[in-house]
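K.L.:
target_31.txt (compact mmCIF, C-alpha atoms) pasted underneath:
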# COMPACT_ATOMS: atom_id res chain seq x y z
CA MET A 399 -8.04 25.11 17.87
CA ASN A 400 -10.51 23.80 20.49
CA LYS A 401 -13.23 23.89 17.85
CA MET A 402 -11.56 20.84 16.32
CA VAL A 403 -12.85 18.72 19.18
CA ILE A 404 -16.27 18.54 17.42
CA LEU A 405 -14.70 16.10 14.99
CA GLY A 406 -14.67 13.49 17.73
CA ILE A 407 -18.47 13.43 17.97
CA ILE A 408 -19.77 10.29 16.29
CA GLY A 409 -23.16 10.41 14.61
CA ILE A 410 -25.01 11.58 11.56
CA ILE A 411 -23.42 14.81 10.37
CA ILE A 412 -25.10 17.30 8.09
CA ILE A 413 -22.57 17.99 5.40
CA SER A 414 -23.33 21.67 4.94
CA ILE A 415 -22.72 22.24 8.63
CA MET A 416 -19.59 20.08 8.60
CA GLY A 417 -18.12 22.00 5.71
CA ILE A 418 -18.40 25.26 7.63
CA ALA A 419 -17.17 23.68 10.86
CA PHE A 420 -14.11 22.14 9.30
CA LEU A 421 -13.12 25.26 7.46
CA ASN A 422 -13.52 27.20 10.67
CA LEU A 423 -10.86 24.99 12.22
CA PHE A 424 -8.40 27.48 10.84
CA SER A 425 -10.22 30.54 12.08
CA ASN A 426 -7.66 31.00 14.86
CA ASN A 427 -5.42 32.43 12.15
CA THR A 428 -5.57 36.21 12.07
CA VAL A 429 -6.68 37.28 8.59
CA ILE A 430 -5.45 40.70 7.52
CA ASN A 431 -8.78 42.39 6.92
CA ASN A 432 -8.26 43.92 3.51
CA GLU A 433 -10.06 42.81 0.35
CA GLU A 434 -6.89 43.27 -1.67
CA SER A 435 -4.71 41.33 0.78
CA ASN A 436 -3.21 38.05 -0.39
CA VAL A 437 -1.60 36.88 2.82
CA ILE A 438 -2.63 35.32 6.10
CA LEU A 439 -0.65 35.94 9.26
CA ASP A 440 -1.06 32.92 11.53
CA GLU A 441 -0.54 32.89 15.28
CA SER A 442 3.13 31.95 14.88
CA GLY A 443 3.75 34.97 12.65
CA VAL A 444 4.21 33.01 9.42
CA ILE A 445 2.97 34.83 6.32
CA LEU A 446 1.06 32.63 3.88
CA ASP A 447 -0.15 33.26 0.35
CA SER A 448 -3.93 32.82 0.58
CA ASP A 449 -4.80 33.98 -2.94
CA ASN A 450 -3.11 30.93 -4.44
CA PRO A 451 -3.73 28.19 -1.86
CA VAL A 452 -2.85 24.52 -2.11
CA LYS A 453 -6.29 22.91 -2.13
CA ILE A 454 -6.47 19.56 -0.36
CA GLY A 455 -9.47 17.28 -0.83
CA ILE A 456 -10.35 15.16 2.21
CA LEU A 457 -12.87 12.40 1.50
CA HIS A 458 -13.92 10.13 4.35
CA SER A 459 -17.12 8.71 5.81
CA LEU A 460 -18.44 11.32 8.23
CA SER A 461 -21.67 9.34 8.54
CA GLY A 462 -22.80 5.74 8.27
CA THR A 463 -21.27 2.50 9.52
CA MET A 464 -17.66 3.52 8.76
CA ALA A 465 -17.78 6.88 10.56
CA ILE A 466 -16.60 5.12 13.73
CA SER A 467 -13.21 4.72 12.06
CA GLU A 468 -12.98 7.46 9.42
CA LEU A 469 -13.96 10.62 11.28
CA VAL A 470 -10.78 10.54 13.32
CA VAL A 471 -8.58 10.18 10.24
CA VAL A 472 -9.90 13.58 9.14
CA ASP A 473 -8.73 14.96 12.48
CA ALA A 474 -5.21 13.70 11.89
CA VAL A 475 -4.96 15.07 8.35
CA LEU A 476 -6.23 18.45 9.54
CA LEU A 477 -3.62 18.45 12.31
CA ALA A 478 -0.87 17.92 9.72
CA ILE A 479 -2.29 20.76 7.63
CA GLU A 480 -2.37 23.04 10.66
CA GLU A 481 1.24 22.20 11.56
CA ILE A 482 2.50 22.69 8.02
CA ASN A 483 0.66 25.99 7.66
CA ASN A 484 2.22 27.15 10.93
CA ARG A 485 5.64 26.42 9.46
CA GLY A 486 5.05 28.39 6.29
CA GLY A 487 2.62 26.28 4.28
CA ILE A 488 3.75 24.63 1.05
CA LEU A 489 5.93 26.84 -1.14
CA GLY A 490 4.70 29.71 1.02
CA ARG A 491 1.09 28.96 0.08
CA GLU A 492 -1.70 28.34 2.55
CA ILE A 493 -3.08 24.80 2.60
CA VAL A 494 -6.88 24.85 2.45
CA PRO A 495 -8.87 21.65 3.14
CA ILE A 496 -12.08 20.86 1.26
CA ILE A 497 -13.93 18.11 3.09
CA LYS A 498 -16.53 15.73 1.66
CA ASP A 499 -18.56 12.92 3.22
CA GLY A 500 -18.32 9.50 1.57
CA GLN A 501 -21.34 8.44 3.67
CA SER A 502 -20.02 4.85 3.93
CA ASP A 503 -21.31 4.43 0.36
CA TRP A 504 -18.89 3.45 -2.41
CA ASP A 505 -20.78 5.20 -5.20
CA VAL A 506 -20.83 8.40 -3.14
CA PHE A 507 -17.05 8.13 -2.75
CA ALA A 508 -16.62 7.95 -6.51
CA ASN A 509 -18.99 10.86 -7.13
CA GLU A 510 -17.37 13.04 -4.47
CA ALA A 511 -13.90 12.22 -5.79
CA GLU A 512 -15.04 13.38 -9.23
CA SER A 513 -16.45 16.56 -7.69
CA LEU A 514 -13.26 17.33 -5.78
CA ILE A 515 -11.15 16.91 -8.92
CA VAL A 516 -13.42 18.58 -11.47
CA ASP A 517 -15.50 21.11 -9.55
CA GLU A 518 -13.24 22.01 -6.63
CA GLU A 519 -10.02 21.60 -8.66
CA VAL A 520 -8.10 20.27 -5.67
CA ASP A 521 -4.39 19.59 -5.98
CA VAL A 522 -4.56 16.20 -4.27
CA VAL A 523 -7.05 14.02 -2.36
CA PHE A 524 -6.65 12.19 0.94
CA GLY A 525 -9.29 9.62 1.70
CA GLY A 526 -11.02 6.28 1.74
CA TRP A 527 -11.02 3.47 4.27
CA THR A 528 -12.66 0.36 2.92
CA SER A 529 -11.17 -1.25 -0.16
CA ALA A 530 -14.62 -1.00 -1.72
CA SER A 531 -14.34 2.79 -1.53
CA ARG A 532 -10.80 2.76 -2.91
CA LYS A 533 -11.66 0.35 -5.73
CA THR A 534 -14.62 2.51 -6.71
CA MET A 535 -12.54 5.71 -6.66
CA LYS A 536 -9.53 4.26 -8.46
CA PRO A 537 -10.95 4.60 -12.02
CA VAL A 538 -11.83 8.24 -11.28
CA PHE A 539 -8.27 9.13 -10.29
CA GLU A 540 -6.85 7.21 -13.23
CA LYS A 541 -9.25 8.85 -15.69
CA HIS A 542 -8.19 12.32 -14.57
CA ASP A 543 -4.56 11.32 -13.96
CA HIS A 544 -4.95 12.69 -10.45
CA LEU A 545 -3.56 11.57 -7.07
CA LEU A 546 -5.09 9.87 -4.02
CA PHE A 547 -3.34 9.22 -0.70
CA TYR A 548 -4.97 6.11 0.80
CA PRO A 549 -4.26 5.69 4.55
CA VAL A 550 -5.44 2.20 5.47
CA GLN A 551 -4.01 -1.31 5.49
CA TYR A 552 -5.54 -3.36 2.71
CA GLU A 553 -5.50 -6.63 0.79
CA GLY A 554 -2.84 -5.64 -1.73
CA LEU A 555 -3.41 -7.12 -5.19
CA GLU A 556 -3.14 -3.62 -6.64
CA SER A 557 -0.66 -0.94 -7.61
CA SER A 558 -1.69 2.28 -9.30
CA PRO A 559 0.45 5.26 -10.35
CA ASN A 560 -2.43 7.45 -9.15
CA ILE A 561 -2.55 6.14 -5.57
CA ILE A 562 -0.02 6.41 -2.74
CA TYR A 563 -0.66 3.54 -0.31
CA THR A 564 0.39 4.74 3.15
CA GLY A 565 -1.18 1.76 4.95
CA ALA A 566 0.13 -1.81 5.08
CA SER A 567 0.08 -4.43 2.36
CA PRO A 568 -0.53 -8.08 3.41
CA ASN A 569 3.14 -8.90 4.04
CA GLN A 570 3.30 -5.91 6.40
CA GLN A 571 0.30 -6.88 8.55
CA VAL A 572 -1.79 -10.03 8.12
CA ILE A 573 0.84 -12.55 7.02
CA PRO A 574 3.26 -11.79 9.90
CA ALA A 575 0.32 -11.92 12.33
CA VAL A 576 -0.68 -15.41 11.17
CA GLU A 577 2.93 -16.57 11.47
CA TRP A 578 3.14 -15.17 15.01
CA ALA A 579 -0.23 -16.64 16.02
CA SER A 580 0.69 -20.13 14.80
CA ILE A 581 3.69 -20.08 17.15
CA GLU A 582 2.19 -18.28 20.14
CA LEU A 583 -1.52 -19.14 20.10
CA GLY A 584 -2.12 -22.30 18.07
CA ASN A 585 -2.85 -23.58 14.57
CA LYS A 586 -6.67 -23.80 14.50
CA PHE A 587 -8.11 -20.61 12.98
CA PHE A 588 -11.62 -19.20 12.60
CA LEU A 589 -11.93 -16.40 10.01
CA VAL A 590 -14.68 -13.78 10.33
CA GLY A 591 -15.10 -10.64 8.24
CA SER A 592 -17.34 -8.10 6.60
CA ASP A 593 -18.51 -9.19 3.17
CA TYR A 594 -16.55 -7.00 0.81
CA ILE A 595 -13.31 -7.06 -1.12
CA PHE A 596 -10.82 -6.56 1.74
CA PRO A 597 -11.90 -9.39 4.07
CA ARG A 598 -12.56 -11.82 1.23
CA SER A 599 -9.16 -11.18 -0.36
CA VAL A 600 -7.23 -11.07 2.91
CA ASN A 601 -8.77 -14.34 4.04
CA GLU A 602 -7.78 -15.94 0.75
CA ILE A 603 -4.23 -14.82 1.49
CA ILE A 604 -4.50 -15.99 5.10
CA LYS A 605 -5.68 -19.44 4.00
CA GLY A 606 -2.64 -19.75 1.76
CA LYS A 607 -0.38 -18.91 4.70
CA ILE A 608 -2.19 -21.26 7.08
CA LEU A 609 -1.83 -24.09 4.56
CA GLU A 610 1.89 -23.32 4.27
CA LEU A 611 2.20 -23.47 8.07
CA GLY A 612 0.32 -26.75 8.35
CA GLY A 613 -2.59 -25.14 10.20
CA ILE A 614 -6.34 -25.65 9.93
CA VAL A 615 -9.18 -23.26 9.09
CA VAL A 616 -12.14 -24.49 11.16
CA GLY A 617 -14.54 -21.79 10.00
CA GLU A 618 -14.92 -18.86 7.62
CA GLU A 619 -17.92 -16.56 7.89
CA TYR A 620 -18.98 -13.13 6.57
CA LYS A 621 -21.62 -10.49 7.28
CA ILE A 622 -22.49 -7.46 5.17
CA LEU A 623 -21.07 -4.12 6.32
CA GLY A 624 -23.18 -2.62 9.06
CA GLU A 625 -24.63 -5.97 10.22
CA LYS A 626 -25.56 -6.14 13.92
CA ASP A 627 -26.50 -9.81 14.38
CA PHE A 628 -23.60 -12.18 15.01
CA LYS A 629 -25.38 -14.89 16.99
CA ASP A 630 -24.99 -17.52 14.28
CA ILE A 631 -21.27 -16.87 13.78
CA VAL A 632 -20.51 -16.89 17.51
CA LYS A 633 -22.40 -20.19 17.83
CA LYS A 634 -20.13 -21.69 15.14
CA ILE A 635 -17.08 -20.38 17.00
CA GLU A 636 -18.35 -22.12 20.14
CA GLN A 637 -18.84 -25.35 18.21
CA THR A 638 -15.48 -25.39 16.42
CA GLN A 639 -13.34 -24.18 19.35
CA PRO A 640 -10.51 -22.54 17.37
CA ASP A 641 -7.22 -21.53 18.95
CA VAL A 642 -7.62 -18.01 17.58
CA ILE A 643 -10.16 -15.85 15.73
CA LEU A 644 -8.84 -13.73 12.84
CA ASN A 645 -11.15 -10.73 12.56
CA THR A 646 -11.57 -8.58 9.44
CA ILE A 647 -14.93 -7.07 10.41
CA ASN A 648 -14.97 -3.34 9.70
CA GLY A 649 -16.94 -0.44 11.13
CA ASP A 650 -19.43 -0.41 13.97
CA SER A 651 -20.37 -4.06 13.40
CA ASN A 652 -17.41 -4.84 15.64
CA ILE A 653 -19.32 -3.50 18.64
CA GLU A 654 -21.99 -6.16 18.30
CA PHE A 655 -19.53 -8.91 17.38
CA PHE A 656 -17.47 -8.48 20.55
CA LYS A 657 -20.59 -8.06 22.66
CA GLU A 658 -21.90 -11.36 21.33
CA LEU A 659 -18.58 -13.09 22.05
CA ARG A 660 -18.58 -11.89 25.66
CA ASP A 661 -22.29 -12.65 26.14
CA ASN A 662 -21.39 -16.24 25.25
CA LYS A 663 -18.42 -16.35 27.65
CA ILE A 664 -15.83 -16.31 24.85
CA TYR A 665 -13.06 -14.25 26.40
CA SER A 666 -9.54 -13.51 25.20
CA TYR A 667 -7.97 -15.95 27.66
CA LYS A 668 -10.11 -18.76 26.18
CA ILE A 669 -10.14 -17.93 22.47
CA PRO A 670 -8.17 -14.76 21.62
CA THR A 671 -9.02 -12.59 18.64
CA ILE A 672 -6.52 -10.89 16.35
CA SER A 673 -8.15 -7.94 14.59
CA PHE A 674 -6.90 -6.25 11.45
CA SER A 675 -9.24 -3.24 11.38
CA ILE A 676 -9.60 -2.41 15.07
CA ALA A 677 -7.24 0.04 16.74
CA GLU A 678 -7.18 2.46 19.68
CA ASN A 679 -10.12 4.58 18.58
CA GLU A 680 -12.43 1.63 17.94
CA ILE A 681 -11.41 0.10 21.28
CA ARG A 682 -12.33 3.34 23.04
CA LEU A 683 -15.81 3.17 21.52
CA ILE A 684 -16.31 -0.60 21.91
CA GLY A 685 -14.92 -0.58 25.45
CA ALA A 686 -11.49 -1.79 26.52
CA GLU A 687 -13.08 -4.03 29.13
CA SER A 688 -14.63 -6.05 26.29
CA MET A 689 -11.35 -6.43 24.41
CA GLN A 690 -8.64 -6.69 27.05
CA GLY A 691 -6.18 -9.44 26.19
CA ASP A 692 -7.07 -9.62 22.51
CA TYR A 693 -4.62 -8.58 19.79
CA ALA A 694 -4.27 -6.38 16.73
CA SER A 695 -1.66 -6.16 14.01
CA TRP A 696 -0.62 -2.73 12.74
CA ASN A 697 2.46 -0.69 11.89
CA TYR A 698 1.74 2.06 14.42
CA PHE A 699 0.46 2.03 17.99
CA GLN A 700 0.06 5.14 20.13
CA SER A 701 2.07 3.45 22.87
CA ILE A 702 5.31 3.05 20.90
CA GLY A 703 8.22 5.11 22.15
CA GLY A 704 10.46 7.57 20.35
CA GLU A 705 10.72 11.33 20.25
CA HIS A 706 8.80 11.72 17.00
CA ASN A 707 5.80 9.77 18.29
CA LEU A 708 5.77 11.53 21.66
CA LYS A 709 5.68 14.89 19.86
CA PHE A 710 2.91 13.67 17.57
CA VAL A 711 0.78 12.39 20.45
CA LYS A 712 1.28 15.62 22.41
CA SER A 713 0.40 17.79 19.42
CA PHE A 714 -2.73 15.76 18.71
CA GLN A 715 -3.94 15.74 22.31
CA ASP A 716 -3.10 19.41 22.82
CA THR A 717 -5.37 20.12 19.86
CA TYR A 718 -8.23 17.67 20.42
CA GLY A 719 -8.08 16.85 24.13
CA ALA A 720 -6.09 14.55 26.40
CA HIS A 721 -8.86 11.94 26.24
CA ARG A 722 -8.34 11.38 22.53
CA VAL A 723 -6.38 8.41 21.19
CA ILE A 724 -4.48 7.82 17.95
CA SER A 725 -4.65 4.80 15.64
CA ASP A 726 -2.58 3.50 12.74
CA PRO A 727 -4.79 4.88 9.92
CA MET A 728 -4.81 8.28 11.64
CA GLU A 729 -1.02 8.29 11.75
CA ALA A 730 -0.90 7.12 8.11
CA GLY A 731 -3.17 9.98 7.06
CA TYR A 732 -1.01 12.45 8.99
CA VAL A 733 2.18 11.04 7.43
CA GLY A 734 0.67 11.17 3.95
CA MET A 735 0.15 14.92 4.26
CA TYR A 736 3.79 15.41 5.20
CA LEU A 737 4.98 13.19 2.35
CA TYR A 738 2.92 15.23 -0.11
CA ALA A 739 4.25 18.53 1.28
CA LYS A 740 7.82 17.27 1.08
CA ALA A 741 7.34 16.15 -2.53
CA VAL A 742 5.81 19.48 -3.58
CA GLU A 743 8.67 21.37 -1.96
CA SER A 744 11.12 19.11 -3.78
CA ALA A 745 9.35 19.55 -7.13
CA GLN A 746 8.77 23.27 -6.49
CA THR A 747 5.30 22.89 -8.00
CA THR A 748 1.93 21.27 -7.33
CA ASP A 749 1.83 19.91 -10.89
CA LEU A 750 0.99 16.26 -10.34
CA VAL A 751 3.35 14.87 -12.98
CA ASP A 752 6.28 16.45 -11.16
CA VAL A 753 4.88 15.67 -7.69
CA ARG A 754 4.43 11.98 -8.49
CA GLN A 755 7.99 11.84 -9.73
CA ALA A 756 9.24 13.57 -6.57
CA LEU A 757 7.33 11.07 -4.40
CA LYS A 758 9.28 8.12 -5.79
CA GLY A 759 11.75 6.98 -3.17
CA ILE A 760 10.98 9.86 -0.81
CA THR A 761 11.49 9.16 2.92
CA PHE A 762 10.13 10.68 6.11
CA HIS A 763 10.78 10.16 9.82
CA ALA A 764 7.19 9.39 10.82
CA PRO A 765 5.86 8.77 14.34
CA GLU A 766 5.94 5.03 13.54
CA GLY A 767 9.57 5.21 12.37
CA ILE A 768 11.28 5.95 9.08
CA VAL A 769 9.05 5.28 6.08
CA GLY A 770 9.79 5.50 2.39
CA ILE A 771 7.78 5.20 -0.83
CA ASP A 772 8.82 2.34 -3.08
CA PRO A 773 9.18 3.86 -6.58
CA GLN A 774 8.10 0.56 -8.12
CA ASN A 775 4.67 0.25 -6.50
CA ASN A 776 3.85 3.46 -4.53
CA HIS A 777 3.67 1.59 -1.21
CA LEU A 778 5.49 2.54 1.98
CA SER A 779 8.15 0.48 3.69
CA LYS A 780 6.91 0.01 7.25
CA ILE A 781 7.75 -1.64 10.57
CA ILE A 782 5.43 -4.55 11.43
CA ARG A 783 4.01 -4.62 14.96
CA ILE A 784 1.60 -6.86 16.89
CA GLY A 785 0.03 -5.52 20.08
CA GLN A 786 -2.04 -6.94 22.92
CA ILE A 787 -4.89 -4.82 24.26
CA LEU A 788 -4.38 -3.50 27.77
CA PRO A 789 -7.09 -2.51 30.32
CA ASP A 790 -6.69 1.18 29.39
CA GLY A 791 -7.27 0.49 25.69
CA GLN A 792 -3.64 0.95 24.71
CA PHE A 793 -1.38 -1.79 23.38
CA LYS A 794 1.57 -3.73 24.72
CA ILE A 795 3.86 -4.52 21.79
CA VAL A 796 4.43 -8.28 21.73
CA SER A 797 6.19 -8.53 18.37
CA SER A 798 8.01 -6.11 16.06
CA SER A 799 10.10 -6.38 12.92
CA GLU A 800 12.19 -3.48 14.32
CA GLN A 801 13.20 -2.47 10.79
CA PRO A 802 10.97 -1.28 7.92
CA ILE A 803 9.80 -4.03 5.56
CA LYS A 804 9.17 -3.38 1.87
CA ALA A 805 5.63 -3.92 0.65
CA LYS A 806 4.79 -6.87 -1.59
CA PRO A 807 1.28 -6.16 -2.87
CA TYR A 808 0.94 -9.54 -4.61
CA PRO A 809 1.46 -12.53 -2.27
CA GLU A 810 3.12 -15.53 -3.85
CA TYR A 811 0.30 -17.99 -3.15
CA LYS A 812 -1.11 -17.19 -6.60
CA THR A 813 0.20 -15.60 -9.76
CA LYS A 814 -0.77 -11.99 -10.49
CA GLN A 815 -3.12 -13.27 -13.20
CA GLN A 816 -4.77 -15.66 -10.74
CA TRP A 817 -5.22 -12.90 -8.17
CA ASN A 818 -6.79 -10.65 -10.80
CA SER A 819 -9.19 -13.45 -11.76
CA PHE A 820 -10.07 -13.91 -8.09
CA LEU A 821 -10.92 -10.20 -7.80
CA ASP A 822 -12.91 -10.23 -11.05
CA ASN A 823 -14.99 -13.17 -9.82
CA LEU A 824 -15.91 -11.35 -6.61
CA PHE A 825 -16.73 -8.16 -8.54
CA ASN A 826 -19.04 -10.02 -10.89
CA GLN A 827 -20.57 -12.05 -8.07
CA TRP A 828 -21.56 -8.80 -6.36
CA ASN A 829 -23.24 -7.33 -9.46
CA LYS A 830 -20.26 -5.22 -10.55
CA ARG A 831 -19.60 -3.91 -7.06
CA TRP A 832 -16.72 -4.29 -4.62
CA ALA A 833 -18.98 -5.22 -1.70
CA ASN A 834 -21.88 -7.58 -1.19
CA PRO A 835 -24.92 -5.37 -1.82
CA GLY A 836 -26.97 -7.57 0.51
CA LEU A 837 -29.80 -7.94 -1.95
Take the structure from the file and write it as structure tokens.
P.N.:
Amino acid sequence: MNKMVILGIIGIIIISIMGIAFLNLFSNNTVINNEESNVILDESGVILDSDNPVKIGILHSLSGTMAISELVVVDAVLLAIEEINNRGGILGREIVPIIKDGQSDWDVFANEAESLIVDEEVDVVFGGWTSASRKTMKPVFEKHDHLLFYPVQYEGLESSPNIIYTGASPNQQVIPAVEWASIELGNKFFLVGSDYIFPRSVNEIIKGKILELGGIVVGEEYKILGEKDFKDIVKKIEQTQPDVILNTINGDSNIEFFKELRDNKIYSYKIPTISFSIAENEIRLIGAESMQGDYASWNYFQSIGGEHNLKFVKSFQDTYGAHRVISDPMEAGYVGMYLYAKAVESAQTTDLVDVRQALKGITFHAPEGIVGIDPQNNHLSKIIRIGQILPDGQFKIVSSSEQPIKAKPYPEYKTKQQWNSFLDNLFNQWNKRWANPGL
């Protein structure tokens, strides 16, 4: 499986080459060389039905500004597929991944989702990172009554029968982080984010919480995805002197944002930053020395204890290399694959009507702890954790709910109708898109 290490290379990836490379990840299996054969004998001796495979669509940004975060999620999903195949596949059938590049472009995500469902006839799709990509894909999955596993924390304000949300909703990430910060760091907040649906919505939720806590928002600024110039925002941070920065910047823009902070002598011990889309992998690429002492809020950190996580980390690093790190969305993608496999085994079919029914209320002992799908909203119950960045790029857990918390996709600061109006206004403001087109 050493060939899988190529997935860690960040850069522009030619899709035709990537398709061959990813499919070759499973070439360590010994195929019985017979045109009439319908089984694969893998290295553990498990016989799989290869004539009737379970086809898994994987749709992430392998290129563009979001590749810094999304490439590694593909690695984690492929690891889960490899492990499940080694244990007998799903219903004795080989799992075969079909990988597409969303190119950090929301329209491409929608088109590739359509292609996976209609042309490739996949049984399920795992993918997306930004809420703009999810929002653009959502009508496609609902039109075809198909199923998407979405692995990233998000703004909530949504619940679809055609999406399983394996990342956090606001009450499982951002709201607890603001509560913790107001006690531990101070009540003056500066909000900075990428200009699309997730940061705009999350900051609206954050402002409601800050108001409830009696805090103050001293600044709120946005840059389009992929932006490299943060001089003006950092100058405003210097002028307003907040107690804490709440960061919802996504993708490789974070590299320049933190560089600009440090160039202007804004360090974590002066004005700490809590990030909601930066984890171990991004820290490795940005540089731990630039982020030491800052914070992030997630449900999973590589550094948490427990037998299940230790096994997961070992399996991942045995496959991809000891230098590789694991983040929350990677673990959520990995867990999603196991939840799907468990549901199919329970339903004894890949028919999505039966699989969706089997997913309701299903539980799994994940590396992060026990998770379960709420049958009312398709979100996972999850433990809430806040971590401080250490010199080696790992996290020291400074706060934990200890027990899983049920997701509440719609925060109580507005009614559901008011939240929907808020989303509609942003969508219309951005010319019927879920991100600022920057025109």
K.L.:
I want to know what sits within 12 Å of Trp832 (chain A), based on only C-alpha atoms, with residues of the same chain fewer than 6 positions away left out; could you give that as an mmCIF file with C-alpha atoms, keeping the file's coordinate frame?
P.N.:
data_model
loop_
_atom_site.group_PDB
_atom_site.id
_atom_site.type_symbol
_atom_site.label_atom_id
_atom_site.label_comp_id
_atom_site.auth_asym_id
_atom_site.auth_seq_id
_atom_site.Cartn_x
_atom_site.Cartn_y
_atom_site.Cartn_z
ATOM 1 C CA ASP A 503 -21.310 4.430 0.360
ATOM 2 C CA TRP A 504 -18.890 3.450 -2.410
ATOM 3 C CA ASP A 505 -20.780 5.200 -5.200
ATOM 4 C CA THR A 528 -12.660 0.360 2.920
ATOM 5 C CA SER A 529 -11.170 -1.250 -0.160
ATOM 6 C CA ALA A 530 -14.620 -1.000 -1.720
ATOM 7 C CA SER A 531 -14.340 2.790 -1.530
ATOM 8 C CA ARG A 532 -10.800 2.760 -2.910
ATOM 9 C CA LYS A 533 -11.660 0.350 -5.730
ATOM 10 C CA THR A 534 -14.620 2.510 -6.710
ATOM 11 C CA MET A 535 -12.540 5.710 -6.660
ATOM 12 C CA LYS A 536 -9.530 4.260 -8.460
ATOM 13 C CA SER A 592 -17.340 -8.100 6.600
ATOM 14 C CA ASP A 593 -18.510 -9.190 3.170
ATOM 15 C CA TYR A 594 -16.550 -7.000 0.810
ATOM 16 C CA ILE A 595 -13.310 -7.060 -1.120
ATOM 17 C CA PHE A 596 -10.820 -6.560 1.740
ATOM 18 C CA PRO A 597 -11.900 -9.390 4.070
ATOM 19 C CA ARG A 598 -12.560 -11.820 1.230
ATOM 20 C CA SER A 599 -9.160 -11.180 -0.360
ATOM 21 C CA ILE A 622 -22.490 -7.460 5.170
ATOM 22 C CA LEU A 623 -21.070 -4.120 6.320
ATOM 23 C CA LEU A 821 -10.920 -10.200 -7.800
ATOM 24 C CA ASP A 822 -12.910 -10.230 -11.050
ATOM 25 C CA ASN A 823 -14.990 -13.170 -9.820
ATOM 26 C CA LEU A 824 -15.910 -11.350 -6.610
ATOM 27 C CA PHE A 825 -16.730 -8.160 -8.540
ATOM 28 C CA ASN A 826 -19.040 -10.020 -10.890
#
K.L.:
Please identify all polymer residues within 12 Å of Val600 (chain A), counting only C-alpha atoms, omitting same-chain residues fewer than 4 positions from it, and present them as JSON, numbers by chain.
P.N.:
{"A": [529, 551, 552, 553, 554, 555, 567, 568, 569, 571, 572, 573, 576, 589, 590, 591, 592, 593, 594, 595, 596, 604, 605, 606, 607, 618, 644, 645, 646, 647, 674, 675, 807, 808, 809, 811, 817, 820, 821]}
K.L.:
Write a file of the just-selected residues containing C-alpha atoms, as a PDB file, in the coordinates of the input.
P.N.:
ATOM      1  CA  SER A 529     -11.170  -1.250  -0.160  1.00  0.00           C
ATOM      2  CA  GLN A 551      -4.010  -1.310   5.490  1.00  0.00           C
ATOM      3  CA  TYR A 552      -5.540  -3.360   2.710  1.00  0.00           C
ATOM      4  CA  GLU A 553      -5.500  -6.630   0.790  1.00  0.00           C
ATOM      5  CA  GLY A 554      -2.840  -5.640  -1.730  1.00  0.00           C
ATOM      6  CA  LEU A 555      -3.410  -7.120  -5.190  1.00  0.00           C
ATOM      7  CA  SER A 567       0.080  -4.430   2.360  1.00  0.00           C
ATOM      8  CA  PRO A 568      -0.530  -8.080   3.410  1.00  0.00           C
ATOM      9  CA  ASN A 569       3.140  -8.900   4.040  1.00  0.00           C
ATOM     10  CA  GLN A 571       0.300  -6.880   8.550  1.00  0.00           C
ATOM     11  CA  VAL A 572      -1.790 -10.030   8.120  1.00  0.00           C
ATOM     12  CA  ILE A 573       0.840 -12.550   7.020  1.00  0.00           C
ATOM     13  CA  VAL A 576      -0.680 -15.410  11.170  1.00  0.00           C
ATOM     14  CA  LEU A 589     -11.930 -16.400  10.010  1.00  0.00           C
ATOM     15  CA  VAL A 590     -14.680 -13.780  10.330  1.00  0.00           C
ATOM     16  CA  GLY A 591     -15.100 -10.640   8.240  1.00  0.00           C
ATOM     17  CA  SER A 592     -17.340  -8.100   6.600  1.00  0.00           C
ATOM     18  CA  ASP A 593     -18.510  -9.190   3.170  1.00  0.00           C
ATOM     19  CA  TYR A 594     -16.550  -7.000   0.810  1.00  0.00           C
ATOM     20  CA  ILE A 595     -13.310  -7.060  -1.120  1.00  0.00           C
ATOM     21  CA  PHE A 596     -10.820  -6.560   1.740  1.00  0.00           C
ATOM     22  CA  ILE A 604      -4.500 -15.990   5.100  1.00  0.00           C
ATOM     23  CA  LYS A 605      -5.680 -19.440   4.000  1.00  0.00           C
ATOM     24  CA  GLY A 606      -2.640 -19.750   1.760  1.00  0.00           C
ATOM     25  CA  LYS A 607      -0.380 -18.910   4.700  1.00  0.00           C
ATOM     26  CA  GLU A 618     -14.920 -18.860   7.620  1.00  0.00           C
ATOM     27  CA  LEU A 644      -8.840 -13.730  12.840  1.00  0.00           C
ATOM     28  CA  ASN A 645     -11.150 -10.730  12.560  1.00  0.00           C
ATOM     29  CA  THR A 646     -11.570  -8.580   9.440  1.00  0.00           C
ATOM     30  CA  ILE A 647     -14.930  -7.070  10.410  1.00  0.00           C
ATOM     31  CA  PHE A 674      -6.900  -6.250  11.450  1.00  0.00           C
ATOM     32  CA  SER A 675      -9.240  -3.240  11.380  1.00  0.00           C
ATOM     33  CA  PRO A 807       1.280  -6.160  -2.870  1.00  0.00           C
ATOM     34  CA  TYR A 808       0.940  -9.540  -4.610  1.00  0.00           C
ATOM     35  CA  PRO A 809       1.460 -12.530  -2.270  1.00  0.00           C
ATOM     36  CA  TYR A 811       0.300 -17.990  -3.150  1.00  0.00           C
ATOM     37  CA  TRP A 817      -5.220 -12.900  -8.170  1.00  0.00           C
ATOM     38  CA  PHE A 820     -10.070 -13.910  -8.090  1.00  0.00           C
ATOM     39  CA  LEU A 821     -10.920 -10.200  -7.800  1.00  0.00           C
TER      40      LEU A 821
END
K.L.:
Any idea what the distance is between CA of Lys806 (chain A) and CA of Ile466 (chain A)?
P.N.:
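That distance, rounded to one decimal, is 28.9 Å.
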